[in-house]
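**Q** Take this structure, written in structure tokens, and hold onto it; I'll ask about it next.
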Amino acid sequence: MIEPCLSKLKRKKGGPKPIDNRACFKGILWVLRSGARWKDPPTYYPSPSTCWRRLQLWEEQGVWLQAWRRFLGLLDQ
């Protein structure tokens with residue numbers, strides 16, 4: 001449901017492959033659900049700084065508002 005709202009990240013020339021959106025999303029949810037500090041997620045999630053930067057990027061792009069509206073639209077149906 002949320003995946004279509006997330007921007008596709010392009011690989012910068014000569015740079016590493018971007019971390020998967022799904023993995024970052026799961027890391028963000030883990031922090032929000034657990035109430036833990038951003039530096040404390042388990043190692044199977046991307047680094048805390050990556051998750052934080054992706055959270056900020058998605059906020060700037062309006063992803064959270066768009067996802068919320070999609071969910072509301074489904075509930076209205």
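Scheme for the structure tokens: letters A, B, ... for chains in order shown; per-chain residue numbers from 1; ligand numbers from 1 in order shown.
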Stretch 17-75 of chain A: which residues are alpha helix (DSSP H) by DSSP, as JSON, numbers by chain?
**A** {"A": [21, 22, 23, 24, 25, 26, 27, 28, 29, 30, 31, 32, 33, 34, 48, 49, 50, 51, 52, 53, 54, 55, 56, 57, 58, 59, 60, 61, 63, 64, 65, 66, 67, 68, 69, 70, 71, 72, 73, 74, 75]}
**Q** Using only C-alpha atoms, determine which residues lie at most 12 Å from stretch 12-22 of chain A, disregarding the query and same-chain residues fewer than 3 positions distant; provide the list as a compact mmCIF listing (two decimals) with all heavy atoms, in the first residue's frame.
**A**
# COMPACT_ATOMS: atom_id res chain seq x y z
N MET A 1 0.81 -1.21 0.00
CA MET A 1 0.00 0.00 0.00
C MET A 1 0.85 1.28 0.00
O MET A 1 0.50 2.25 -0.63
CB MET A 1 -0.91 0.03 1.22
CG MET A 1 -1.98 -1.05 1.25
SD MET A 1 -3.15 -0.91 -0.10
CE MET A 1 -3.72 0.72 0.09
N ILE A 2 1.94 1.25 0.72
CA ILE A 2 2.75 2.46 0.84
C ILE A 2 3.83 2.51 -0.24
O ILE A 2 4.26 3.60 -0.64
CB ILE A 2 3.37 2.54 2.24
CG1 ILE A 2 2.27 2.77 3.26
CG2 ILE A 2 4.40 3.64 2.34
CD1 ILE A 2 2.69 2.78 4.68
N GLU A 3 4.23 1.37 -0.73
CA GLU A 3 5.34 1.32 -1.68
C GLU A 3 5.17 2.25 -2.88
O GLU A 3 6.13 2.93 -3.27
CB GLU A 3 5.57 -0.11 -2.17
CG GLU A 3 6.80 -0.25 -3.01
CD GLU A 3 7.10 -1.69 -3.36
OE1 GLU A 3 6.23 -2.56 -3.13
OE2 GLU A 3 8.20 -1.94 -3.86
N PRO A 4 3.97 2.37 -3.49
CA PRO A 4 3.83 3.29 -4.61
C PRO A 4 4.07 4.76 -4.23
O PRO A 4 4.40 5.58 -5.09
CB PRO A 4 2.39 3.10 -5.08
CG PRO A 4 1.97 1.79 -4.54
CD PRO A 4 2.76 1.58 -3.29
N CYS A 5 3.94 5.09 -2.97
CA CYS A 5 4.16 6.47 -2.52
C CYS A 5 5.65 6.79 -2.37
O CYS A 5 6.03 7.96 -2.37
CB CYS A 5 3.49 6.69 -1.17
SG CYS A 5 1.72 6.40 -1.16
N LEU A 6 6.48 5.77 -2.24
CA LEU A 6 7.90 5.98 -1.98
C LEU A 6 8.66 6.23 -3.28
O LEU A 6 8.45 5.54 -4.27
CB LEU A 6 8.49 4.76 -1.27
CG LEU A 6 7.80 4.36 0.02
CD1 LEU A 6 8.43 3.09 0.58
CD2 LEU A 6 7.84 5.48 1.04
N SER A 7 9.54 7.20 -3.25
CA SER A 7 10.30 7.54 -4.44
C SER A 7 11.35 6.48 -4.74
O SER A 7 11.90 5.86 -3.84
CB SER A 7 10.96 8.90 -4.27
OG SER A 7 11.85 8.85 -3.17
N LYS A 8 11.60 6.28 -6.01
CA LYS A 8 12.67 5.37 -6.44
C LYS A 8 13.98 6.13 -6.32
O LYS A 8 14.13 7.22 -6.86
CB LYS A 8 12.45 4.95 -7.89
CG LYS A 8 11.11 4.28 -8.14
CD LYS A 8 11.29 2.80 -8.07
CE LYS A 8 10.06 2.10 -8.63
NZ LYS A 8 9.15 1.66 -7.68
N LEU A 9 14.92 5.57 -5.62
CA LEU A 9 16.21 6.22 -5.45
C LEU A 9 17.15 5.77 -6.55
O LEU A 9 17.24 4.59 -6.86
CB LEU A 9 16.80 5.87 -4.08
CG LEU A 9 15.97 6.36 -2.90
CD1 LEU A 9 16.57 5.85 -1.61
CD2 LEU A 9 15.93 7.87 -2.89
N PHE A 25 11.93 1.45 5.66
CA PHE A 25 10.59 1.61 6.22
C PHE A 25 10.42 0.72 7.45
O PHE A 25 9.90 1.15 8.48
CB PHE A 25 9.54 1.28 5.16
CG PHE A 25 8.14 1.54 5.59
CD1 PHE A 25 7.67 2.83 5.69
CD2 PHE A 25 7.28 0.50 5.90
CE1 PHE A 25 6.37 3.09 6.09
CE2 PHE A 25 5.99 0.74 6.29
CZ PHE A 25 5.53 2.04 6.39
N LYS A 26 10.88 -0.52 7.35
CA LYS A 26 10.79 -1.44 8.50
C LYS A 26 11.62 -0.93 9.67
O LYS A 26 11.19 -1.03 10.83
CB LYS A 26 11.26 -2.83 8.10
CG LYS A 26 10.27 -3.56 7.24
CD LYS A 26 10.80 -4.95 6.90
CE LYS A 26 9.81 -5.74 6.09
NZ LYS A 26 10.30 -7.10 5.81
N GLY A 27 12.81 -0.37 9.39
CA GLY A 27 13.63 0.19 10.46
C GLY A 27 12.95 1.37 11.14
O GLY A 27 12.98 1.50 12.37
N ILE A 28 12.33 2.22 10.35
CA ILE A 28 11.60 3.38 10.90
C ILE A 28 10.45 2.90 11.77
O ILE A 28 10.25 3.39 12.89
CB ILE A 28 11.10 4.29 9.76
CG1 ILE A 28 12.28 4.96 9.07
CG2 ILE A 28 10.11 5.33 10.28
CD1 ILE A 28 11.93 5.61 7.73
N LEU A 29 9.69 1.94 11.27
CA LEU A 29 8.56 1.42 12.05
C LEU A 29 9.03 0.78 13.35
O LEU A 29 8.37 0.92 14.38
CB LEU A 29 7.76 0.41 11.23
CG LEU A 29 6.91 0.98 10.11
CD1 LEU A 29 6.16 -0.15 9.41
CD2 LEU A 29 5.94 2.02 10.62
N TYR A 45 18.43 -4.19 10.42
CA TYR A 45 17.87 -3.03 9.74
C TYR A 45 19.02 -2.18 9.20
O TYR A 45 20.15 -2.29 9.67
CB TYR A 45 17.03 -2.18 10.70
CG TYR A 45 15.78 -2.87 11.17
CD1 TYR A 45 15.58 -3.17 12.51
CD2 TYR A 45 14.79 -3.22 10.27
CE1 TYR A 45 14.44 -3.80 12.94
CE2 TYR A 45 13.63 -3.86 10.69
CZ TYR A 45 13.47 -4.15 12.03
OH TYR A 45 12.33 -4.78 12.44
N PRO A 46 18.74 -1.31 8.23
CA PRO A 46 19.80 -0.40 7.76
C PRO A 46 20.29 0.47 8.92
O PRO A 46 19.66 0.54 9.97
CB PRO A 46 19.10 0.45 6.70
CG PRO A 46 17.94 -0.35 6.26
CD PRO A 46 17.51 -1.14 7.46
N SER A 47 21.39 1.15 8.70
CA SER A 47 21.96 1.97 9.78
C SER A 47 20.94 3.02 10.24
O SER A 47 20.10 3.47 9.46
CB SER A 47 23.23 2.67 9.30
OG SER A 47 22.91 3.74 8.44
N SER A 49 21.31 6.13 10.81
CA SER A 49 21.40 7.39 10.07
C SER A 49 20.72 7.27 8.71
O SER A 49 20.09 8.22 8.23
CB SER A 49 22.86 7.83 9.91
OG SER A 49 23.61 6.84 9.24
N THR A 50 20.81 6.10 8.08
CA THR A 50 20.13 5.89 6.80
C THR A 50 18.62 5.96 6.98
O THR A 50 17.92 6.61 6.20
CB THR A 50 20.53 4.53 6.19
OG1 THR A 50 21.93 4.52 5.96
CG2 THR A 50 19.80 4.26 4.90
N CYS A 51 18.12 5.28 8.01
CA CYS A 51 16.67 5.30 8.27
C CYS A 51 16.21 6.73 8.58
O CYS A 51 15.15 7.15 8.10
CB CYS A 51 16.33 4.37 9.41
SG CYS A 51 16.53 2.63 9.01
N ARG A 53 17.60 9.61 7.64
CA ARG A 53 17.64 10.44 6.43
C ARG A 53 16.48 10.10 5.51
O ARG A 53 15.87 10.99 4.91
CB ARG A 53 18.97 10.25 5.70
CG ARG A 53 20.11 11.02 6.31
CD ARG A 53 21.32 11.05 5.40
NE ARG A 53 21.77 9.74 5.00
CZ ARG A 53 22.69 9.02 5.64
NH1 ARG A 53 23.26 9.50 6.71
NH2 ARG A 53 23.04 7.82 5.19
N ARG A 54 16.14 8.83 5.41
CA ARG A 54 15.02 8.43 4.55
C ARG A 54 13.70 8.95 5.12
O ARG A 54 12.84 9.41 4.38
CB ARG A 54 15.01 6.91 4.43
CG ARG A 54 14.24 6.36 3.27
CD ARG A 54 14.89 6.64 1.92
NE ARG A 54 16.23 6.11 1.78
CZ ARG A 54 16.53 4.91 1.30
NH1 ARG A 54 15.57 4.10 0.90
NH2 ARG A 54 17.77 4.51 1.21
N LEU A 55 13.55 8.90 6.44
CA LEU A 55 12.36 9.46 7.09
C LEU A 55 12.23 10.94 6.75
O LEU A 55 11.15 11.41 6.38
CB LEU A 55 12.44 9.27 8.60
CG LEU A 55 11.34 9.91 9.44
CD1 LEU A 55 10.01 9.24 9.19
CD2 LEU A 55 11.69 9.86 10.91
N LEU A 57 13.60 12.56 4.15
CA LEU A 57 13.35 12.69 2.72
C LEU A 57 11.87 12.47 2.42
O LEU A 57 11.26 13.24 1.69
CB LEU A 57 14.20 11.68 1.94
CG LEU A 57 13.92 11.58 0.44
CD1 LEU A 57 14.33 12.88 -0.26
CD2 LEU A 57 14.65 10.38 -0.15
N TRP A 58 11.31 11.42 2.99
CA TRP A 58 9.90 11.12 2.74
C TRP A 58 8.99 12.19 3.30
O TRP A 58 7.94 12.48 2.74
CB TRP A 58 9.55 9.74 3.28
CG TRP A 58 10.22 8.63 2.52
CD1 TRP A 58 10.70 8.68 1.24
CD2 TRP A 58 10.48 7.32 2.98
NE1 TRP A 58 11.23 7.48 0.88
CE2 TRP A 58 11.12 6.61 1.93
CE3 TRP A 58 10.26 6.65 4.17
CZ2 TRP A 58 11.50 5.28 2.05
CZ3 TRP A 58 10.65 5.34 4.29
CH2 TRP A 58 11.27 4.66 3.24
**Q** Calculate how many Å separate atom CA of A:Trp30 from atom CA of A:Thr43, rounding to one decimal.
**A**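 We find that atom CA of A:Trp30 and atom CA of A:Thr43 lie 11.8 Å from each other.
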**Q** What does the structure give for the distance between atom CA of A:Trp38 and atom CA of A:Arg11, in Å to one decimal?
**A** 25.2 Å
